[in-house]
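> Once you've had a glance at the structure underneath, I'll fire off some questions.
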Amino acid sequence: MFRRIVVAVDGSHHARQAVLTAAECAREMGATLTLLTVYHEPPGFEGEPQYSADLASAMQRARTLLADEEAVVQAAGGPAVQKDLLGAGHPAAAILAATASGQYDLLVMGTRGLGRLESALLGSVSAQVAAGSAIPVLIVHEAG
């Protein structure tokens with residue numbers, strides 16, 4: 001049914017549950033699995049060399065997160081993964097752009113990420129993505 005699964009990760013416990021669920025789905029369906037994370041681009045007014053240093057730091061944190069989640073997938077017996085880094089002002093917008101790209105046919109994500117204050121003020125990323133996604137979205141709730 002689904003051949004190209006993407007899972008959004010941010011380092012939260014909820015995202016980890018989504019990774020494990022996506023890995024299981026990919027394994028059972030024979031689908032590819034892509035780990036996707038959104039890093040925050042630093043403000044342009046910083047100027048050089050601070051902007052470049054902050055951008056490199058944000059990208060390194062994102063790469064480390066993806067490597068950590070890849071290790072979780074492999075430890076769980078999951079499929080080989082692809083990794084994708086997206087820079088954007090807001091995670092929901094970046095994830096929605098990825099779902100509209102035609103590269104994926106299922107998005108998996110957790111119910112709540114790291115931005116709890118932002119969620120309270122602006123609505124959760126998962127709710128925004130589910131409402132606007134071009135592909136089906138599987139939202140993984142915490143067990144228990």
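Letters A, B, ... go to the chains of the structure tokens in the order shown; residues in each chain start at 1; ligands are counted from 1 in the same order.
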Please provide the set of residues having any atom within 12 Å of Ala71 of chain A, restricted to only C-alpha atoms, with same-chain residues fewer than 5 positions apart removed, written as a ChimeraX atom specification.

/A:16,19-20,23,35,64-66,76-81

> Which of chain A end up as alpha helix (DSSP H) when DSSP is run on this backbone - answer as number ranges by chain?

A: 13-29, 50-75, 91-100, 116-122, 125-132

> Calculate how many Å separate atom CA of Gly87 of chain A from atom CA of Ala100 of chain A, rounding to one decimal.

16.0 Å

> Which residues, written as a compact mmCIF listing (two decimals) with C-alpha atoms, in the first residue's frame, have at least one atom at most 6 Å from segment 107-112 of chain A, with only C-alpha atoms counted and residues fewer than 6 positions away on the same chain left out?


```txt
# COMPACT_ATOMS: atom_id res chain seq x y z
CA ILE A 5 7.37 6.45 4.20
CA VAL A 6 8.78 9.60 5.77
CA VAL A 7 8.93 10.20 9.52
CA ALA A 8 9.43 13.65 11.05
CA HIS A 14 6.90 11.37 20.87
CA ALA A 15 9.03 11.53 17.74
CA ALA A 18 6.86 7.68 15.63
CA SER A 126 1.22 17.61 14.02
CA VAL A 137 -0.54 11.28 7.96
CA LEU A 138 -0.20 8.67 10.71
CA ILE A 139 0.00 10.42 14.08
CA VAL A 140 1.49 8.19 16.74
CA HIS A 141 0.15 8.67 20.23
```

> Using backbone DSSP assignments, extract all strand (DSSP E or B) residues from segment 69-138 of chain A; output them as a VMD selection string.

chain A and resid 81 to 88 106 to 110 137 to 138

> How about saving the chosen residues, C-alpha atoms kept, as an mmCIF file, in the first residue's frame?


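Okay, this is what ended up in result.cif:
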```cif
data_model
loop_
_atom_site.group_PDB
_atom_site.id
_atom_site.type_symbol
_atom_site.label_atom_id
_atom_site.label_comp_id
_atom_site.auth_asym_id
_atom_site.auth_seq_id
_atom_site.Cartn_x
_atom_site.Cartn_y
_atom_site.Cartn_z
ATOM 1 C CA VAL A 81 17.034 4.661 6.040
ATOM 2 C CA GLN A 82 17.506 7.766 4.002
ATOM 3 C CA LYS A 83 17.960 11.106 5.749
ATOM 4 C CA ASP A 84 16.709 14.565 4.857
ATOM 5 C CA LEU A 85 17.532 17.923 6.466
ATOM 6 C CA LEU A 86 15.241 20.879 5.881
ATOM 7 C CA GLY A 87 15.902 24.444 6.943
ATOM 8 C CA ALA A 88 12.847 26.574 7.546
ATOM 9 C CA LEU A 106 2.871 8.372 3.985
ATOM 10 C CA LEU A 107 4.039 10.715 6.728
ATOM 11 C CA VAL A 108 4.451 9.443 10.290
ATOM 12 C CA MET A 109 4.879 11.829 13.210
ATOM 13 C CA GLY A 110 4.414 12.070 16.959
ATOM 14 C CA VAL A 137 -0.543 11.277 7.964
ATOM 15 C CA LEU A 138 -0.204 8.670 10.708
#
```

> If you count only C-alpha atoms, which residues fall within 10 Å of Thr99 of chain A, apart from same-chain ones fewer than 3 positions away, as a short mmCIF file (atom, residue, chain, number, x, y, z; two decimals) with N, CA and C atoms, in the first residue's frame?


```cif
data_model
loop_
_atom_site.label_atom_id
_atom_site.label_comp_id
_atom_site.auth_asym_id
_atom_site.auth_seq_id
_atom_site.Cartn_x
_atom_site.Cartn_y
_atom_site.Cartn_z
N VAL A 6 7.91 8.58 5.17
CA VAL A 6 8.78 9.60 5.77
C VAL A 6 8.31 9.82 7.20
N ALA A 93 5.58 24.21 8.12
CA ALA A 93 5.68 24.62 6.71
C ALA A 93 6.68 23.76 5.96
N ALA A 94 7.80 23.46 6.58
CA ALA A 94 8.82 22.64 5.92
C ALA A 94 8.32 21.21 5.71
N ILE A 95 7.65 20.65 6.70
CA ILE A 95 7.13 19.29 6.57
C ILE A 95 6.04 19.24 5.50
N LEU A 96 5.18 20.25 5.47
CA LEU A 96 4.14 20.29 4.44
C LEU A 96 4.75 20.38 3.04
N GLY A 102 5.92 14.99 -3.68
CA GLY A 102 5.71 13.79 -4.48
C GLY A 102 6.70 12.68 -4.17
N GLN A 103 7.63 12.91 -3.24
CA GLN A 103 8.64 11.91 -2.91
C GLN A 103 8.11 10.83 -1.97
N TYR A 104 7.04 11.12 -1.24
CA TYR A 104 6.56 10.23 -0.19
C TYR A 104 5.07 9.96 -0.35
N ASP A 105 4.61 8.83 0.20
CA ASP A 105 3.18 8.56 0.16
C ASP A 105 2.57 8.33 1.54
N LEU A 106 3.38 8.42 2.61
CA LEU A 106 2.87 8.37 3.98
C LEU A 106 3.82 9.13 4.87
N LEU A 107 3.27 9.99 5.72
CA LEU A 107 4.04 10.72 6.73
C LEU A 107 3.67 10.17 8.09
N VAL A 129 0.15 20.02 10.31
CA VAL A 129 0.56 19.17 9.19
C VAL A 129 -0.57 18.25 8.76
N GLY A 132 -3.04 20.05 6.62
CA GLY A 132 -2.64 20.57 5.32
C GLY A 132 -1.85 19.62 4.44
N SER A 133 -1.64 18.39 4.88
CA SER A 133 -0.79 17.47 4.15
C SER A 133 -1.41 16.99 2.84
N ALA A 134 -0.55 16.85 1.84
CA ALA A 134 -0.98 16.32 0.55
C ALA A 134 -1.03 14.80 0.54
N ILE A 135 -0.51 14.16 1.59
CA ILE A 135 -0.48 12.70 1.69
C ILE A 135 -1.07 12.27 3.04
N PRO A 136 -1.42 11.00 3.19
CA PRO A 136 -1.93 10.54 4.49
C PRO A 136 -0.89 10.75 5.59
N VAL A 137 -1.39 11.04 6.79
CA VAL A 137 -0.54 11.28 7.96
C VAL A 137 -0.96 10.30 9.05
#
```

> I'd like the interatomic distance between atom CA of Gln17 of chain A and atom CA of Glu41 of chain A, to a tenth of an Å.

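One can read the atom CA of Gln17 of chain A to atom CA of Glu41 of chain A distance as 26.1 Å.
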
> When you count only C-alpha atoms, which of these residues is closest to Arg3 of chain A: A:Ala97, A:Ala26, A:Ala31, A:Val38?

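Among A:Ala97, A:Ala26, A:Ala31, A:Val38, it is A:Ala31 that comes nearest to Arg3 of chain A.
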